[in-house]
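Here is the structure we will look at, set down as structure tokens.
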Amino acid sequence: MVVSVSDLNKDDGAALQIGRFTVYKQSASPYNEDPHLGCVYQHSSNGHGPNQSFTEPESGGLVMVPLGTDDVQGEESPQPQPVLTQNARQDHRRPSIYSTLDQVPHYAFYANTAAPGRLKKSRPSLNVLRYAIDESEGVPPGGLEGSPSQGTPDKPSDEEANVGNKPKSQPVRFGWVKGVMIRCMLNIWGVILYLRLPWITAQAGIGLTWVIILLSSLVTAITGLSISAISTNGKVKAGGTYFLISRSLGPELGGSIGLIFAFANAVAVAMHTVGFSETVRDLIIEYSGGPIVDPINDIRIIGVITVVVLLGVCMAGMEWESKAQILFFVVILISFVNYFVGTVIPATEEKQSKGFFNYKADLFLSNMVPGWRGEDGSFFGMFSIFFPSATGILAGANISGDLKDPAVAIPRGTLMAIFWTTVSYLAISATIGSCMVRDASASLNDTLLSNETADCEGQACSYGWNFTECYRAGDCSQGLLNNYQTLSMVSGFGPLVTAGIFSATLSSALACLVSAPKVFQCLCRDNLYPLIGVFGKGYGKNNEPMWGYVLTFFIAVAFILIAELNVIAPIISNFFLCSYALINFSCFHASVTNSPGWRPSFRYYSRWTALFGAIISLVIMFLLTWWAALIALGIVVFLLGYVTYKKPDINWGSSMQAGTYNLALSYSVSLTGVEDHVKNFRPQCLILTGPPNFRPALVDFVGTFTKNIGLMICGNIIMGEGKNVQQEERTSAEVKWLNKRKIRSFYTSLSGDNLRDGARSLMQATGLGKLKPNTLFMGFKGDWQEDLPQNMDDYIGTIHDAFDINYGVCLLRLTEGLDVSTKMKAHVNPAFEDHEGTETEEKAENDSTETIVDEQVSSIFQAKQGKKTIDLYWISDDGGLTLLIPYLLTRKKRWRQCRVRVFIIGHQDTVEEERKEMLSLLSQFRLDFHDVVVIIDSEQAPLSENMKRFEDSTAPYRLNDGLRDEATVRELRKDCPWMISDREMEQLKQKSERKIRLNEIIQENSPEAALILVSLPVANKDFCPSALYMAWLDALSHNLRCPTVLIRGNQQSVLTFYCQ
């Protein structure tokens, strides 16, 4: 059984399962190479079931091979199939009780891709169900040649292995503990914990330090809940934070925050590396007696060497990186135990000289209050330094593509990491503040004698130590405020804490070094920004972003050269807070839009807590460093504007789309309750363009005055035998063509038996509530004398129908015509062609569809019109539409220099009065039209040659009833209602002459106008045949060298000079 599936032609190796059949292209069929079968077979109409006969198909056809009983039951096929991976198991294919072609619900129908080496399972289309044969039914005469079907061959994604004889090794995947919780905890337990938390405790006191920790944890916990909700609302792929935000809020905000977050992680590599380098430098100074070069350059040298080693670990692959993280985690836990044990070991005299006195209640109370010192001595100064330590909550989400089940791993691992790290920070802050004083000299000679207490200052005096001298001089080298290595000194065995510092700093640096390239790689693959595509390329089984690692390395080195941890930390705080604000806003926005697609399996979140998290993140950004916050937001706005301007061709079903739909629906419904008012009238145009790229001038003209003002809908009436064929790809291409041309218009297609039926349906059905057309725009039918009379009659009937539905009507005529389809490589509507279903025709159709967007034929309305005139012949009052459209045109840049001239019909005796009266009316309408010309010779007889041309144009449509008997005339009138009788010709002769005369006046007065607008005459459809009406329109606009619009409103006012 041959099935026409155009998509299978794109891939010679494609195969598709539909119902109980497998569809192959002839060259891809597994029977090609089978020596037992010899060739591909085609289902014949000579029977069905097990004894059906087969015939050899045509070359290049598509073949529907019925599955055997074993295939249906899901057992392995005994015959080898070269197209599939060896030992591939067939999916269970269970038909519906309605039909053997119909299928029961299945997961594979909703998946975007199939497993490597297996056929993509696709539900049968409506056409397959309606036109293909059922096993229980007979075959229709002629077989099923050309029966339509649907489905696309599966294209493996970048993460999937290619099908081949040698299967590729599977990538490493992590669970929630190893992949998320441990990774997040290691990233949170970074340089700030070991090297700055004691110092922050001394500055802010234990109380405010807890406030800083809990406030940071509040922000990260709310963000963790939001991440959990977003990550469980569908399958999460690689890209981490960028993937979550971009697929939730859309590419505009997602792209900007993706760049910022990747950059922040790259800078975080430098921050953690500098912390590691500080510790190594202190050890070198302690054990060698001095620095290598000097303290600052030592940090730079050690930092660069360290980041080079970390880069090598990352390039070795995720498996090695994960093993290193486990080792770091164990070392950190041991260092914690070592520290807490050290706090209860009695302090030696050496440690006491450095300010350590074990747990003291009065010391705890003394350190509860702040002791601000230095430039950073403020609450938000400390918060800006501490907050980067809490940003590690996204370390697990950033490698979402390497997790076994991101939807489960991210929520569970992230929230557990936040809880345990918060507990550890609170515990270390409280214990270190209960054991150490803020200032100490490290001198054993500073013991306090009993008779010296009067001059002693500080809490250490009560413990027998006098550090007053160094305190007053400000040169104390030890204590919480002066020594960043206090945790190492307090611990039971100092080298273990030093190892913990190494593990914490290196693990955090390693996590950031992995996160930044992974996020940036996903961003680059979406092609939102130019010149970064090379960083999206992946290598190895884990698709490692090698070029991203190199870029992150150079950024990290640049910031390592700063060599000041307290300078680097505040830089990235604003970037992370900006990321958190958008993550929380993503969750809030997705919830508040009530999109049916927002169904996260994680339920423990609230839209209001997410909104609170977004607001507090923004507030903290400005409280920390207002100028850095402005820079961060400025970057976001700039990148957002760029993506908005470029309008990338992607659709992720974001909450922004859902929000836009909600707003549009809400406003549309609210408009229905508002009565129309003449002051709010807008021309809302339905344009019969056919495919819009066929008539670009018509599209450009209407698009000029409706842009940002009124509704514009391009309508295409599909006629012919193929009118019921769905044209989704064609519709998408036409919309892209309109967007590329910067035309703000909708596009809709509708099938009809003829132009009149289709146009009537469009006029009645198009629109929504108040957002529906009120004006019909068509091109002038210039070929009415060569075309079939029935088509001309349909054209005139469409005008009558528009007036019946209370539409205004506008006809645009150009000397060269409007249809440019013969001048371009345009797509031919299959409805007008014999569709044979061959590969050549389908390929040609696909190629022509792809050219639609690129074919941008210029038109006269795209150019500036200069200082020409717009000549308006207001012959009949139609409510003001004839005046409104030229006024809207003159508001546009291309038409702004044009001068509008208004021509009216008058009498010679009252020329001046009529001109002043019209100027007064135009002034009250507040239209800037000051040129009024009164035509006084409109009733003169037209030139004989023009009259003869008119008579010649109507001659083929004359009944000549004076030369025929009455029965023949009645028969002709019945079959050809458009024909003109002698009586009608005579009765309407004066009207015909006036229209011919008006044309002569227009040619005389407007030879160089940019645009001519003439009132469209309205004919009595019961007494004026369509051929005569068409001849009037032709005579009225004949031989005008500039664009001409025949225009008529619906006789209801669209202009007013009242204010209410």
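Residue numbering restarts at 1 in every chain; chains get A, B, ... in the order shown in the structure tokens, and ligands count up from 1 in that same order.
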Practice item. Name all residues at most 12 Å from Val308 of chain A (count only C-alpha atoms; drop same-chain ones fewer than 5 positions away) and give them as a list in words. Key: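 Surrounding residues, per the criterion: Val269, Ala270, Thr273, Ile301, Ile302, Gly303, Val313, Cys314, Met315, Leu506, Ala509, Leu510, Leu513, Tyr549, Val550, Thr552, Phe553, Phe554, Ala556 and Val557 of chain A.
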**Study point:** Long-range neighbours of Glu252 of chain A as a PyMOL selection string, 6 Å cut-off, only C-alpha atoms, 2 positions minimum in chain
**Key:** chain A and resi 250+254-255+640+643
**Study point:** helix (DSSP H, G or I) residues, from DSSP on the backbone, in segment 405-613 of chain A, as a VMD selection string
**Key:** chain A and resid 406 to 435 444 to 446 450 to 455 459 to 463 468 to 473 486 to 490 494 to 525 533 to 536 546 to 560 565 to 592 607 to 613
Check your understanding: What are the DSSP strand (DSSP E or B) residues of segment 621-783 of chain A, as a ChimeraX atom specification?
Key -> /A:685-688,712-718,746-751,768,771,775-779
Exercise for review: Give the answer as one residue: which of A:Tyr747, A:Trp895, A:Phe903, A:Phe340 has the shortest atom-to-atom distance to Asp871 of chain A, using only C-alpha atoms?
Suggested key: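 Smallest separation from Asp871 of chain A among the options: A:Phe903.
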Practice item. Give me the residues within 7 Å of segment 1001-1015 of chain A as a ChimeraX atom specification, counting only C-alpha atoms and dropping any in the same chain fewer than 6 places off. Key: /A:865,868-876,1040-1048
With N, CA and C atoms kept, could you save the residues just selected as a tab-separated table (two decimals), in the first residue's frame?
```
chain	number	residue	atom	x	y	z
A	865	GLN	N	7.24	59.32	-1.44
A	865	GLN	CA	6.41	59.89	-2.48
A	865	GLN	C	6.79	61.33	-2.81
A	868	LYS	N	4.64	65.34	-4.08
A	868	LYS	CA	3.56	65.17	-5.05
A	868	LYS	C	2.22	65.48	-4.38
A	869	THR	N	1.17	65.21	-5.10
A	869	THR	CA	-0.17	65.47	-4.56
A	869	THR	C	-0.95	64.17	-4.43
A	870	ILE	N	-1.84	64.16	-3.46
A	870	ILE	CA	-2.85	63.11	-3.34
A	870	ILE	C	-4.16	63.75	-3.75
A	871	ASP	N	-4.67	63.36	-4.90
A	871	ASP	CA	-5.87	63.98	-5.46
A	871	ASP	C	-7.09	63.16	-5.09
A	872	LEU	N	-7.99	63.83	-4.40
A	872	LEU	CA	-9.18	63.18	-3.84
A	872	LEU	C	-10.42	63.72	-4.55
A	873	TYR	N	-11.07	62.86	-5.31
A	873	TYR	CA	-12.29	63.24	-6.02
A	873	TYR	C	-13.48	62.75	-5.20
A	874	TRP	N	-13.94	63.67	-4.34
A	874	TRP	CA	-15.04	63.31	-3.42
A	874	TRP	C	-16.36	63.62	-4.12
A	875	ILE	N	-16.76	62.68	-4.93
A	875	ILE	CA	-17.96	62.86	-5.76
A	875	ILE	C	-19.22	62.60	-4.95
A	876	SER	N	-19.17	61.62	-4.08
A	876	SER	CA	-20.35	61.26	-3.29
A	876	SER	C	-19.95	61.16	-1.83
A	1040	LEU	N	-5.20	55.99	-16.31
A	1040	LEU	CA	-4.61	56.84	-15.28
A	1040	LEU	C	-3.24	56.28	-14.93
A	1041	ARG	N	-2.22	57.12	-15.13
A	1041	ARG	CA	-0.85	56.63	-15.02
A	1041	ARG	C	-0.38	56.45	-13.58
A	1042	CYS	N	-1.09	56.97	-12.61
A	1042	CYS	CA	-0.69	56.84	-11.21
A	1042	CYS	C	-1.66	55.90	-10.49
A	1043	PRO	N	-1.26	55.40	-9.31
A	1043	PRO	CA	-2.15	54.49	-8.56
A	1043	PRO	C	-3.50	55.14	-8.29
A	1044	THR	N	-4.55	54.36	-8.48
A	1044	THR	CA	-5.91	54.86	-8.33
A	1044	THR	C	-6.69	53.95	-7.39
A	1045	VAL	N	-7.42	54.58	-6.47
A	1045	VAL	CA	-8.26	53.85	-5.53
A	1045	VAL	C	-9.70	54.29	-5.73
A	1046	LEU	N	-10.55	53.34	-6.07
A	1046	LEU	CA	-12.00	53.58	-6.09
A	1046	LEU	C	-12.52	53.23	-4.71
A	1047	ILE	N	-13.08	54.21	-4.03
A	1047	ILE	CA	-13.36	54.04	-2.61
A	1047	ILE	C	-14.78	54.45	-2.28
A	1048	ARG	N	-15.41	53.68	-1.42
A	1048	ARG	CA	-16.75	53.99	-0.96
A	1048	ARG	C	-16.93	53.42	0.45
```
Review point. Please, what distance in Å, to one decimal, runs between atom CA of Gln764 of chain A and atom CA of Gly808 of chain A?
Key: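 Between atom CA of Gln764 of chain A and atom CA of Gly808 of chain A the gap works out to 13.8 Å.
Counting only C-alpha atoms, the residue from A:Ser488, A:Thr706, A:Gln657, A:Ser761 that sits nearest to Leu884 of chain A is A:Thr706.
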What lies within 12 Å of Leu623 of chain A using only C-alpha atoms, ignoring chain neighbours under 6 positions off, as a CSV table (one decimal) with N, CA and C atoms, in the first residue's frame?
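Wrote it out as around39.csv, contents follow:
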```
chain,number,residue,atom,x,y,z
A,378,SER,N,29.3,47.8,56.9
A,378,SER,CA,27.9,48.1,56.9
A,378,SER,C,27.2,46.8,56.6
A,379,PHE,N,25.9,46.8,56.9
A,379,PHE,CA,25.1,45.6,56.7
A,379,PHE,C,25.1,45.1,55.3
A,380,PHE,N,24.8,46.0,54.4
A,380,PHE,CA,24.7,45.6,53.0
A,380,PHE,C,26.1,45.4,52.4
A,381,GLY,N,27.1,46.0,53.0
A,381,GLY,CA,28.5,45.7,52.5
A,381,GLY,C,28.8,44.3,52.8
A,382,MET,N,28.5,43.8,54.0
A,382,MET,CA,28.7,42.4,54.4
A,382,MET,C,27.8,41.5,53.6
A,383,PHE,N,26.6,41.9,53.3
A,383,PHE,CA,25.6,41.1,52.6
A,383,PHE,C,26.2,40.9,51.1
A,384,SER,N,26.7,41.9,50.5
A,384,SER,CA,27.2,41.8,49.2
A,384,SER,C,28.4,40.9,49.1
A,570,PRO,N,31.4,41.4,45.3
A,570,PRO,CA,30.2,42.2,45.0
A,570,PRO,C,29.9,42.4,43.5
A,573,SER,N,27.5,39.6,42.7
A,573,SER,CA,26.2,39.5,43.5
A,573,SER,C,25.0,40.0,42.7
A,574,ASN,N,25.2,41.1,42.0
A,574,ASN,CA,24.1,41.7,41.3
A,574,ASN,C,23.7,40.8,40.1
A,577,LEU,N,21.7,37.9,41.6
A,577,LEU,CA,20.4,38.4,42.1
A,577,LEU,C,19.5,38.7,40.9
A,616,ILE,N,12.1,41.0,46.2
A,616,ILE,CA,13.2,41.2,47.1
A,616,ILE,C,14.6,41.1,46.5
A,617,SER,N,14.7,40.3,45.5
A,617,SER,CA,16.0,40.2,44.7
A,617,SER,C,16.3,41.5,44.1
A,629,ALA,N,23.6,47.6,39.9
A,629,ALA,CA,22.2,47.1,39.6
A,629,ALA,C,21.7,47.7,38.3
A,630,LEU,N,22.0,49.0,38.1
A,630,LEU,CA,21.6,49.7,36.9
A,630,LEU,C,22.3,49.1,35.7
```
Review point. Contacts of Gly548 of chain A at 12 Å or less, counting only C-alpha atoms, minus same-chain residues fewer than 6 places along, as a list in words?
Key: Ala262, Phe263, Ala266, Leu311, Cys314, Met315, Leu513, Val514, Ser515, Ala516, Pro517, Lys518, Val519, Phe520, Gln521, Cys522, Leu523, Cys524, Ile532, Gly533, Val534, Phe535, Gly536, Lys537, Gly538, Tyr539, Phe554 and Ile555 of chain A
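Distances here use only C-alpha atoms; by that measure, the residue among A:Leu943, A:Ile206, A:Leu1016, A:Leu972 closest to Met1030 of chain A is A:Leu1016.
Take atom CA of Ala765 of chain A and atom CA of Leu750 of chain A: the distance between them is 10.2 Å.
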Please build the interface table for segment 172-256 of chain A against segment 584-602 of chain A with a cut-off of 10 Å, listing for each qualifying residue the nearest atom pair and the distance in Å to one decimal; count only C-alpha atoms, order rows by chain and increasing number, and write it as a Markdown table.
```
| residue | atom | partner | partner_atom | distance |
| --- | --- | --- | --- | --- |
| A:Val219 | CA | A:Asn584 | CA | 9.5 |
| A:Ile222 | CA | A:Asn584 | CA | 7.5 |
| A:Thr223 | CA | A:Asn584 | CA | 5.8 |
| A:Gly224 | CA | A:Asn584 | CA | 8.9 |
| A:Leu225 | CA | A:Phe602 | CA | 8.5 |
| A:Ser226 | CA | A:Cys587 | CA | 5.5 |
| A:Ile227 | CA | A:Cys587 | CA | 7.8 |
| A:Ser228 | CA | A:Phe602 | CA | 6.4 |
| A:Ala229 | CA | A:Phe602 | CA | 5.3 |
| A:Ile230 | CA | A:Cys587 | CA | 6.4 |
| A:Ser231 | CA | A:Pro600 | CA | 7.7 |
| A:Thr232 | CA | A:Pro600 | CA | 5.0 |
| A:Asn233 | CA | A:Pro600 | CA | 4.1 |
| A:Gly234 | CA | A:Pro600 | CA | 7.4 |
| A:Leu244 | CA | A:Ser586 | CA | 8.7 |
| A:Ile245 | CA | A:Ser586 | CA | 6.4 |
| A:Ser246 | CA | A:Ser586 | CA | 9.0 |
| A:Arg247 | CA | A:Ser586 | CA | 9.4 |
| A:Ser248 | CA | A:Ser586 | CA | 6.1 |
| A:Leu249 | CA | A:Ser586 | CA | 5.8 |
| A:Gly250 | CA | A:Ser586 | CA | 9.5 |
| A:Leu253 | CA | A:Ser586 | CA | 9.6 |
| A:Gly254 | CA | A:Ser586 | CA | 9.7 |
```
Check your understanding: A:Lys354, A:Ile296, A:Arg183, A:Leu624: which is nearest Phe387 of chain A, counting only C-alpha atoms?
Key ->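 Selected residue with least distance to Phe387 of chain A: A:Leu624.
Look at Phe1023 of chain A: the protein and nucleic acid residues within 9 Å of it, using only C-alpha atoms and passing over chain neighbours fewer than 3 places away, are A:Glu984, A:Ala1019, A:Asn1020.
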Review point. Of the residues A:Ile200, A:Val293, A:Val423, A:Ile501, which is the one nearest to Ile385 of chain A, using only C-alpha atoms?
Key: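 Smallest distance to Ile385 of chain A is found for A:Ile200.
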